[in-house]
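Since the structure comes first, as structure tokens, the remarks are kept for the end.
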Amino acid sequence: MIRFDDMPVRYPVGEQSFKALRQGGYLYVDKTEFVARLIWQGKFIFLARPRRFGKSLLLSTIEYYFRGEKELFDSTWIGERETDWKSYPVLHFDMSRCNGQSAEILNAHLHRKVEDYEKEYGLEIHSEIQDIGDRFNTLITSIHKKVGAEVVILIDEYDKGILETLDETQAKRDAMSTVLRAFYSQPKAATESVKFCMVTGVARFGSYTLFSGPNNYLDISMNATYASICGITQEELLSNFEEGIAKMSEKLQETKQETIEALRQKYDSYRFTESDALVYNPYSLLSAFSEGKMDNFWIKSGISKVFVKYLTRSEFDLMELEKLWVTRERMEGTYSKEDSIPLLFQTGYLTIKDVRNLKLYRLGIPNGEIRSALVEQLMPRFMGISADTFSELLTDLQDNIKLGQIEGWIMDIKSLISKIPNQLFGPIESHLPDEYERAKVKETNIANFERTYHLIIHMIGQMINIEARSEVSFAGGRADMVIETNNYVYVVEFKLDSTASVALKQIDEKGYLLPWHADRRQVYKIGISFSSKDRNIVDYAYQGSEEN
């Protein structure tokens, strides 16, 4: 194979075939020890992970192992240890290839796929069997009888049909579930003819009861042994991507350690089990090295329309997602518009941050890419403007922040806020007859009003891919926001119906600038005052570190 000097490493972005990856000279992060553990662990296995996290490649690896293609496993963990290579018939169903618009289309797709395998193994074509479950069961037992070897069954993205009908009528969802349940129950029903069966998807299968006797499937999704079965660990990053890190460091004009830290902030910190093992998003990480830049690759690769609908009609506070304690049952629950947490966790927009007594889990946004994605999907709808207009405004804002143009980026924020519908903020004054009750309601409304502005600024900061943290704690108190770039640090305090000078005074009195006393970057303290009457920024002031 010809190798190019400017790209000696081939990064397998989107490559889901283990055979193509190994024969194509792509970089491969060895996960075959997990394959051996899975086969030893049990016959029926289930794994849930977000999309593009390597589930399909994992199943492909298992497929070629059971096909006995020993040469593909040279220099891998399993290749150096396996001594008894055998070949088994493999039935591999990729449900993402099916157009799941209706139960009828899904049923027809499954019949075609089963017929393909009937032809491949020289079996009788059972087109007269109308029930897809019965036909699948006949296929499994017939192959076992003819070949004389048990069958390996791999089902990828098992829940696609369900996910695509989440926003449909209950009747349509039930019809889809009926077809899938009839199909998915067959590996268990034909257990004597099955060597190994693994099912993967995004959602926890228990939520949809699509499997007959779900206790017979070992769910390893939150098993600490398999915490890094999909994704890239920090150790794997350092041992497999040294050349990519060096090239990116040179391009970004950063040190190796600065580049590693930037990658970690952008793509790391997914945690799927009680173990504290963290993994990078593999698709985004590979894309970053392949293209030599950091971008929101995972988000740009596609997002479910259903996901966007659920987010925009669900009630939640973006900042509250950073400190959310939930039970395991809630994390693994069925999606609903009343509770978007299961959807956010199972699709990868939230991850485990901490565990308390193995009963409560603190969820949070994993990394910079996901923070940007949440805001990118919500803010244009939140503000009632087009995605293109929003993107143009944010690009200008990002440029001004990076260049230290404080007045420019404050005016950009003011422009963005002006586009938000007034009714979002709610009233300040009340018309209750009792003066005491009226004052209490006003106090509450002002607090909510101030928080709404704070949330908007926080969302904008996350969207522009700049390190922006809200409610940052210091010894003397809590700063409203800290924004950091390569050349500047902005410590920001917000006030409602007050003055910018009061905000600056609080920064000084609470010592919010002390952590950056010896920082090589230019440090600014910034006070911003909102008006509940004008519903926008009415006053701002700032001072640089050399002026203090």
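In the structure tokens, each chain is lettered A, B, ... as it comes, each chain's residues begin at 1, and ligands are numbered from 1 in order of appearance.
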Problem set entry | Close residues, Thr327 of chain A itself excluded, 8 Å, only C-alpha atoms, min 3 positions apart in chain, as an MDAnalysis selection string | chainID A and resid 330:331 359:361
With N, CA, C and O atoms retained, could you export that selection as a short mmCIF file (atom, residue, chain, number, x, y, z; two decimals), in the first residue's frame?
data_model
loop_
_atom_site.label_atom_id
_atom_site.label_comp_id
_atom_site.auth_asym_id
_atom_site.auth_seq_id
_atom_site.Cartn_x
_atom_site.Cartn_y
_atom_site.Cartn_z
N ARG A 330 -34.06 5.44 36.82
CA ARG A 330 -34.44 6.59 35.99
C ARG A 330 -33.54 6.70 34.77
O ARG A 330 -34.01 6.98 33.67
N MET A 331 -32.25 6.46 34.93
CA MET A 331 -31.32 6.54 33.80
C MET A 331 -31.70 5.57 32.70
O MET A 331 -31.55 5.84 31.52
N LYS A 359 -26.20 3.56 44.50
CA LYS A 359 -27.65 3.74 44.40
C LYS A 359 -28.03 5.01 43.64
O LYS A 359 -29.00 5.04 42.91
N LEU A 360 -27.24 6.07 43.86
CA LEU A 360 -27.50 7.33 43.19
C LEU A 360 -26.34 7.69 42.29
O LEU A 360 -25.18 7.47 42.63
N TYR A 361 -26.69 8.25 41.15
CA TYR A 361 -25.68 8.61 40.16
C TYR A 361 -25.81 10.10 39.86
O TYR A 361 -26.91 10.60 39.58
#
Problem set entry | Shell around Ile507 of chain A at 10 Å using only C-alpha atoms, local window under 2 positions removed, as a VMD selection string | chain A and resid 476 to 480 491 to 493 501 to 505 509 to 514 525 to 527
For this session: Identify, with DSSP run on backbone atoms, the residues in segment 14-101 of chain A assigned to strand (DSSP E or B), and express the list as JSON, numbers by chain.
Result: {"A": [26, 44, 45, 46, 47, 48, 90, 91, 92, 93, 94]}
Expected file: the selected residues, all heavy atoms, as an mmCIF file, in the first residue's frame:
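Written file, part_37.cif:
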data_model
loop_
_atom_site.group_PDB
_atom_site.id
_atom_site.type_symbol
_atom_site.label_atom_id
_atom_site.label_comp_id
_atom_site.auth_asym_id
_atom_site.auth_seq_id
_atom_site.Cartn_x
_atom_site.Cartn_y
_atom_site.Cartn_z
ATOM 1 N N TYR A 26 -5.392 0.437 8.542
ATOM 2 C CA TYR A 26 -5.835 1.505 9.436
ATOM 3 C C TYR A 26 -5.254 1.321 10.838
ATOM 4 O O TYR A 26 -4.915 0.208 11.249
ATOM 5 C CB TYR A 26 -7.359 1.500 9.545
ATOM 6 C CG TYR A 26 -8.088 1.925 8.303
ATOM 7 C CD1 TYR A 26 -8.600 0.982 7.421
ATOM 8 C CD2 TYR A 26 -8.291 3.274 8.022
ATOM 9 C CE1 TYR A 26 -9.291 1.365 6.279
ATOM 10 C CE2 TYR A 26 -8.980 3.672 6.892
ATOM 11 C CZ TYR A 26 -9.470 2.710 6.024
ATOM 12 O OH TYR A 26 -10.159 3.098 4.899
ATOM 13 N N PHE A 44 -25.854 -15.136 25.897
ATOM 14 C CA PHE A 44 -26.721 -14.040 25.456
ATOM 15 C C PHE A 44 -26.271 -12.746 26.126
ATOM 16 O O PHE A 44 -26.382 -12.582 27.337
ATOM 17 C CB PHE A 44 -28.179 -14.345 25.788
ATOM 18 C CG PHE A 44 -28.725 -15.537 25.062
ATOM 19 C CD1 PHE A 44 -28.719 -16.793 25.657
ATOM 20 C CD2 PHE A 44 -29.224 -15.411 23.766
ATOM 21 C CE1 PHE A 44 -29.213 -17.895 24.985
ATOM 22 C CE2 PHE A 44 -29.710 -16.516 23.090
ATOM 23 C CZ PHE A 44 -29.708 -17.766 23.691
ATOM 24 N N ILE A 45 -25.776 -11.805 25.318
ATOM 25 C CA ILE A 45 -25.177 -10.566 25.835
ATOM 26 C C ILE A 45 -25.887 -9.361 25.230
ATOM 27 O O ILE A 45 -26.230 -9.344 24.044
ATOM 28 C CB ILE A 45 -23.674 -10.485 25.468
ATOM 29 C CG1 ILE A 45 -22.919 -11.720 25.961
ATOM 30 C CG2 ILE A 45 -23.057 -9.207 26.025
ATOM 31 C CD1 ILE A 45 -22.805 -11.838 27.459
ATOM 32 N N PHE A 46 -26.071 -8.340 26.056
ATOM 33 C CA PHE A 46 -26.630 -7.070 25.573
ATOM 34 C C PHE A 46 -25.711 -5.920 25.973
ATOM 35 O O PHE A 46 -25.200 -5.884 27.094
ATOM 36 C CB PHE A 46 -28.023 -6.818 26.156
ATOM 37 C CG PHE A 46 -28.570 -5.468 25.782
ATOM 38 C CD1 PHE A 46 -29.177 -5.276 24.558
ATOM 39 C CD2 PHE A 46 -28.443 -4.384 26.639
ATOM 40 C CE1 PHE A 46 -29.669 -4.026 24.191
ATOM 41 C CE2 PHE A 46 -28.921 -3.128 26.286
ATOM 42 C CZ PHE A 46 -29.535 -2.953 25.056
ATOM 43 N N LEU A 47 -25.520 -4.966 25.050
ATOM 44 C CA LEU A 47 -24.704 -3.773 25.323
ATOM 45 C C LEU A 47 -25.382 -2.539 24.746
ATOM 46 O O LEU A 47 -25.744 -2.507 23.571
ATOM 47 C CB LEU A 47 -23.313 -3.915 24.696
ATOM 48 C CG LEU A 47 -22.428 -2.656 24.767
ATOM 49 C CD1 LEU A 47 -22.017 -2.362 26.207
ATOM 50 C CD2 LEU A 47 -21.195 -2.809 23.885
ATOM 51 N N ALA A 48 -25.536 -1.517 25.589
ATOM 52 C CA ALA A 48 -26.062 -0.226 25.141
ATOM 53 C C ALA A 48 -24.952 0.816 25.207
ATOM 54 O O ALA A 48 -24.249 0.930 26.211
ATOM 55 C CB ALA A 48 -27.231 0.216 26.010
ATOM 56 N N VAL A 90 -22.487 -17.404 10.962
ATOM 57 C CA VAL A 90 -22.806 -16.142 11.632
ATOM 58 C C VAL A 90 -23.963 -15.457 10.918
ATOM 59 O O VAL A 90 -23.933 -15.265 9.702
ATOM 60 C CB VAL A 90 -21.583 -15.203 11.651
ATOM 61 C CG1 VAL A 90 -21.952 -13.884 12.333
ATOM 62 C CG2 VAL A 90 -20.401 -15.856 12.360
ATOM 63 N N LEU A 91 -24.972 -15.072 11.674
ATOM 64 C CA LEU A 91 -26.094 -14.280 11.176
ATOM 65 C C LEU A 91 -25.974 -12.885 11.768
ATOM 66 O O LEU A 91 -26.080 -12.706 12.986
ATOM 67 C CB LEU A 91 -27.431 -14.910 11.589
ATOM 68 C CG LEU A 91 -27.644 -16.381 11.191
ATOM 69 C CD1 LEU A 91 -29.007 -16.860 11.673
ATOM 70 C CD2 LEU A 91 -27.505 -16.570 9.696
ATOM 71 N N HIS A 92 -25.712 -11.917 10.921
ATOM 72 C CA HIS A 92 -25.449 -10.550 11.376
ATOM 73 C C HIS A 92 -26.547 -9.638 10.846
ATOM 74 O O HIS A 92 -26.678 -9.445 9.641
ATOM 75 C CB HIS A 92 -24.074 -10.096 10.868
ATOM 76 C CG HIS A 92 -23.581 -8.854 11.527
ATOM 77 N ND1 HIS A 92 -22.239 -8.514 11.585
ATOM 78 C CD2 HIS A 92 -24.223 -7.847 12.165
ATOM 79 C CE1 HIS A 92 -22.086 -7.372 12.225
ATOM 80 N NE2 HIS A 92 -23.274 -6.936 12.573
ATOM 81 N N PHE A 93 -27.321 -9.057 11.742
ATOM 82 C CA PHE A 93 -28.427 -8.167 11.363
ATOM 83 C C PHE A 93 -28.103 -6.735 11.788
ATOM 84 O O PHE A 93 -27.989 -6.449 12.982
ATOM 85 C CB PHE A 93 -29.735 -8.620 12.025
ATOM 86 C CG PHE A 93 -30.203 -9.978 11.585
ATOM 87 C CD1 PHE A 93 -29.766 -11.118 12.240
ATOM 88 C CD2 PHE A 93 -31.065 -10.115 10.508
ATOM 89 C CE1 PHE A 93 -30.192 -12.378 11.831
ATOM 90 C CE2 PHE A 93 -31.492 -11.360 10.091
ATOM 91 C CZ PHE A 93 -31.050 -12.496 10.752
ATOM 92 N N ASP A 94 -27.946 -5.870 10.809
ATOM 93 C CA ASP A 94 -27.703 -4.452 11.079
ATOM 94 C C ASP A 94 -29.019 -3.713 10.898
ATOM 95 O O ASP A 94 -29.422 -3.398 9.780
ATOM 96 C CB ASP A 94 -26.643 -3.909 10.122
ATOM 97 C CG ASP A 94 -26.318 -2.445 10.372
ATOM 98 O OD1 ASP A 94 -26.927 -1.851 11.285
ATOM 99 O OD2 ASP A 94 -25.471 -1.886 9.654
#
All residues 9 Å or closer to Ile140 of chain A, only C-alpha atoms, same chain fewer than 3 positions away omitted, as a PDB file with all heavy atoms, in the first residue's frame:
ATOM      1  N   LEU A  91     -24.972 -15.072  11.674  1.00  0.00           N
ATOM      2  CA  LEU A  91     -26.094 -14.280  11.176  1.00  0.00           C
ATOM      3  C   LEU A  91     -25.974 -12.885  11.768  1.00  0.00           C
ATOM      4  O   LEU A  91     -26.080 -12.706  12.986  1.00  0.00           O
ATOM      5  CB  LEU A  91     -27.431 -14.910  11.589  1.00  0.00           C
ATOM      6  CG  LEU A  91     -27.644 -16.381  11.191  1.00  0.00           C
ATOM      7  CD1 LEU A  91     -29.007 -16.860  11.673  1.00  0.00           C
ATOM      8  CD2 LEU A  91     -27.505 -16.570   9.696  1.00  0.00           C
ATOM      9  N   ARG A 135     -40.168 -17.806  11.057  1.00  0.00           N
ATOM     10  CA  ARG A 135     -39.222 -17.986   9.945  1.00  0.00           C
ATOM     11  C   ARG A 135     -37.781 -17.865  10.425  1.00  0.00           C
ATOM     12  O   ARG A 135     -36.895 -18.595   9.993  1.00  0.00           O
ATOM     13  CB  ARG A 135     -39.510 -16.970   8.846  1.00  0.00           C
ATOM     14  CG  ARG A 135     -38.757 -17.266   7.542  1.00  0.00           C
ATOM     15  CD  ARG A 135     -39.187 -16.344   6.426  1.00  0.00           C
ATOM     16  NE  ARG A 135     -38.534 -16.693   5.167  1.00  0.00           N
ATOM     17  CZ  ARG A 135     -38.690 -16.028   4.025  1.00  0.00           C
ATOM     18  NH1 ARG A 135     -39.507 -14.972   3.984  1.00  0.00           N
ATOM     19  NH2 ARG A 135     -38.053 -16.419   2.922  1.00  0.00           N
ATOM     20  N   PHE A 136     -37.542 -16.922  11.341  1.00  0.00           N
ATOM     21  CA  PHE A 136     -36.193 -16.740  11.883  1.00  0.00           C
ATOM     22  C   PHE A 136     -35.780 -17.970  12.693  1.00  0.00           C
ATOM     23  O   PHE A 136     -34.651 -18.454  12.602  1.00  0.00           O
ATOM     24  CB  PHE A 136     -36.171 -15.485  12.751  1.00  0.00           C
ATOM     25  CG  PHE A 136     -34.806 -15.081  13.246  1.00  0.00           C
ATOM     26  CD1 PHE A 136     -33.641 -15.451  12.578  1.00  0.00           C
ATOM     27  CD2 PHE A 136     -34.673 -14.310  14.410  1.00  0.00           C
ATOM     28  CE1 PHE A 136     -32.377 -15.059  13.041  1.00  0.00           C
ATOM     29  CE2 PHE A 136     -33.424 -13.930  14.873  1.00  0.00           C
ATOM     30  CZ  PHE A 136     -32.279 -14.313  14.200  1.00  0.00           C
ATOM     31  N   ASN A 137     -36.704 -18.506  13.483  1.00  0.00           N
ATOM     32  CA  ASN A 137     -36.421 -19.690  14.281  1.00  0.00           C
ATOM     33  C   ASN A 137     -36.088 -20.875  13.380  1.00  0.00           C
ATOM     34  O   ASN A 137     -35.135 -21.635  13.640  1.00  0.00           O
ATOM     35  CB  ASN A 137     -37.623 -20.026  15.163  1.00  0.00           C
ATOM     36  CG  ASN A 137     -37.349 -21.175  16.110  1.00  0.00           C
ATOM     37  OD1 ASN A 137     -37.313 -22.336  15.700  1.00  0.00           O
ATOM     38  ND2 ASN A 137     -37.161 -20.866  17.380  1.00  0.00           N
ATOM     39  N   ILE A 143     -29.900 -24.095   9.854  1.00  0.00           N
ATOM     40  CA  ILE A 143     -28.456 -23.912   9.636  1.00  0.00           C
ATOM     41  C   ILE A 143     -27.669 -24.823  10.570  1.00  0.00           C
ATOM     42  O   ILE A 143     -26.699 -25.481  10.161  1.00  0.00           O
ATOM     43  CB  ILE A 143     -28.061 -22.440   9.844  1.00  0.00           C
ATOM     44  CG1 ILE A 143     -28.657 -21.562   8.747  1.00  0.00           C
ATOM     45  CG2 ILE A 143     -26.535 -22.288   9.877  1.00  0.00           C
ATOM     46  CD1 ILE A 143     -28.398 -20.075   8.936  1.00  0.00           C
ATOM     47  N   HIS A 144     -28.075 -24.873  11.814  1.00  0.00           N
ATOM     48  CA  HIS A 144     -27.401 -25.741  12.781  1.00  0.00           C
ATOM     49  C   HIS A 144     -27.427 -27.194  12.316  1.00  0.00           C
ATOM     50  O   HIS A 144     -26.400 -27.904  12.345  1.00  0.00           O
ATOM     51  CB  HIS A 144     -28.088 -25.609  14.148  1.00  0.00           C
ATOM     52  CG  HIS A 144     -27.434 -26.417  15.219  1.00  0.00           C
ATOM     53  ND1 HIS A 144     -28.121 -26.855  16.340  1.00  0.00           N
ATOM     54  CD2 HIS A 144     -26.167 -26.909  15.349  1.00  0.00           C
ATOM     55  CE1 HIS A 144     -27.295 -27.535  17.116  1.00  0.00           C
ATOM     56  NE2 HIS A 144     -26.114 -27.587  16.535  1.00  0.00           N
ATOM     57  N   LYS A 145     -28.576 -27.629  11.850  1.00  0.00           N
ATOM     58  CA  LYS A 145     -28.718 -29.015  11.410  1.00  0.00           C
ATOM     59  C   LYS A 145     -27.877 -29.295  10.172  1.00  0.00           C
ATOM     60  O   LYS A 145     -27.226 -30.350  10.075  1.00  0.00           O
ATOM     61  CB  LYS A 145     -30.193 -29.303  11.114  1.00  0.00           C
ATOM     62  CG  LYS A 145     -30.472 -30.746  10.701  1.00  0.00           C
ATOM     63  CD  LYS A 145     -31.966 -30.970  10.508  1.00  0.00           C
ATOM     64  CE  LYS A 145     -32.242 -32.407  10.093  1.00  0.00           C
ATOM     65  NZ  LYS A 145     -33.711 -32.644   9.901  1.00  0.00           N
ATOM     66  N   GLU A 150     -23.161 -24.802  15.843  1.00  0.00           N
ATOM     67  CA  GLU A 150     -24.109 -23.847  16.401  1.00  0.00           C
ATOM     68  C   GLU A 150     -23.966 -22.496  15.708  1.00  0.00           C
ATOM     69  O   GLU A 150     -22.906 -22.159  15.170  1.00  0.00           O
ATOM     70  CB  GLU A 150     -23.867 -23.714  17.907  1.00  0.00           C
ATOM     71  CG  GLU A 150     -24.100 -25.000  18.683  1.00  0.00           C
ATOM     72  CD  GLU A 150     -23.436 -24.947  20.037  1.00  0.00           C
ATOM     73  OE1 GLU A 150     -22.179 -24.863  20.071  1.00  0.00           O
ATOM     74  OE2 GLU A 150     -24.149 -24.986  21.051  1.00  0.00           O
ATOM     75  N   VAL A 151     -25.028 -21.711  15.778  1.00  0.00           N
ATOM     76  CA  VAL A 151     -25.109 -20.451  15.055  1.00  0.00           C
ATOM     77  C   VAL A 151     -24.756 -19.276  15.968  1.00  0.00           C
ATOM     78  O   VAL A 151     -25.149 -19.233  17.135  1.00  0.00           O
ATOM     79  CB  VAL A 151     -26.521 -20.256  14.481  1.00  0.00           C
ATOM     80  CG1 VAL A 151     -26.618 -18.936  13.705  1.00  0.00           C
ATOM     81  CG2 VAL A 151     -26.886 -21.423  13.575  1.00  0.00           C
ATOM     82  N   ILE A 153     -25.319 -15.272  16.455  1.00  0.00           N
ATOM     83  CA  ILE A 153     -26.294 -14.258  16.047  1.00  0.00           C
ATOM     84  C   ILE A 153     -25.870 -12.903  16.598  1.00  0.00           C
ATOM     85  O   ILE A 153     -25.641 -12.754  17.805  1.00  0.00           O
ATOM     86  CB  ILE A 153     -27.703 -14.615  16.552  1.00  0.00           C
ATOM     87  CG1 ILE A 153     -28.123 -15.979  16.012  1.00  0.00           C
ATOM     88  CG2 ILE A 153     -28.709 -13.540  16.141  1.00  0.00           C
ATOM     89  CD1 ILE A 153     -29.386 -16.522  16.652  1.00  0.00           C
ATOM     90  N   GLN A 186     -36.378 -15.040  19.192  1.00  0.00           N
ATOM     91  CA  GLN A 186     -36.016 -16.328  18.613  1.00  0.00           C
ATOM     92  C   GLN A 186     -34.645 -16.885  19.030  1.00  0.00           C
ATOM     93  O   GLN A 186     -34.510 -18.101  19.191  1.00  0.00           O
ATOM     94  CB  GLN A 186     -36.113 -16.268  17.085  1.00  0.00           C
ATOM     95  CG  GLN A 186     -37.517 -15.989  16.590  1.00  0.00           C
ATOM     96  CD  GLN A 186     -38.572 -16.817  17.299  1.00  0.00           C
ATOM     97  OE1 GLN A 186     -38.468 -18.046  17.376  1.00  0.00           O
ATOM     98  NE2 GLN A 186     -39.595 -16.143  17.844  1.00  0.00           N
ATOM     99  N   PRO A 187     -33.603 -16.074  19.185  1.00  0.00           N
ATOM    100  CA  PRO A 187     -32.336 -16.661  19.653  1.00  0.00           C
ATOM    101  C   PRO A 187     -32.503 -17.422  20.962  1.00  0.00           C
ATOM    102  O   PRO A 187     -31.941 -18.510  21.139  1.00  0.00           O
ATOM    103  CB  PRO A 187     -31.434 -15.434  19.819  1.00  0.00           C
ATOM    104  CG  PRO A 187     -31.942 -14.479  18.803  1.00  0.00           C
ATOM    105  CD  PRO A 187     -33.436 -14.660  18.818  1.00  0.00           C
ATOM    106  N   ALA A 190     -34.470 -20.675  20.308  1.00  0.00           N
ATOM    107  CA  ALA A 190     -33.675 -21.702  19.623  1.00  0.00           C
ATOM    108  C   ALA A 190     -32.327 -21.891  20.310  1.00  0.00           C
ATOM    109  O   ALA A 190     -31.316 -22.160  19.657  1.00  0.00           O
ATOM    110  CB  ALA A 190     -33.480 -21.308  18.158  1.00  0.00           C
ATOM    111  N   SER A 193     -29.504 -24.311  19.432  1.00  0.00           N
ATOM    112  CA  SER A 193     -28.819 -24.145  18.146  1.00  0.00           C
ATOM    113  C   SER A 193     -27.945 -22.894  18.116  1.00  0.00           C
ATOM    114  O   SER A 193     -27.377 -22.563  17.086  1.00  0.00           O
ATOM    115  CB  SER A 193     -29.854 -24.070  17.014  1.00  0.00           C
ATOM    116  OG  SER A 193     -30.544 -25.287  16.869  1.00  0.00           O
ATOM    117  N   VAL A 194     -27.851 -22.208  19.244  1.00  0.00           N
ATOM    118  CA  VAL A 194     -27.121 -20.931  19.298  1.00  0.00           C
ATOM    119  C   VAL A 194     -25.811 -21.104  20.058  1.00  0.00           C
ATOM    120  O   VAL A 194     -25.796 -21.588  21.194  1.00  0.00           O
ATOM    121  CB  VAL A 194     -27.986 -19.840  19.963  1.00  0.00           C
ATOM    122  CG1 VAL A 194     -27.184 -18.551  20.125  1.00  0.00           C
ATOM    123  CG2 VAL A 194     -29.242 -19.583  19.135  1.00  0.00           C
TER     124      VAL A 194
END
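We find atom CA of Ser498 of chain A and atom CA of Lys533 of chain A to be spaced 12.0 Å apart.
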Exercise. Per DSSP on the backbone, what are the helix (DSSP H, G or I) residues of segment 114-272 of chain A, as a PyMOL selection string?
Worked result: chain A and resi 114-120+132-147+160-163+170-184+186-189+191-193+205-207+214-216+224-226+234-240+242-252+256-267
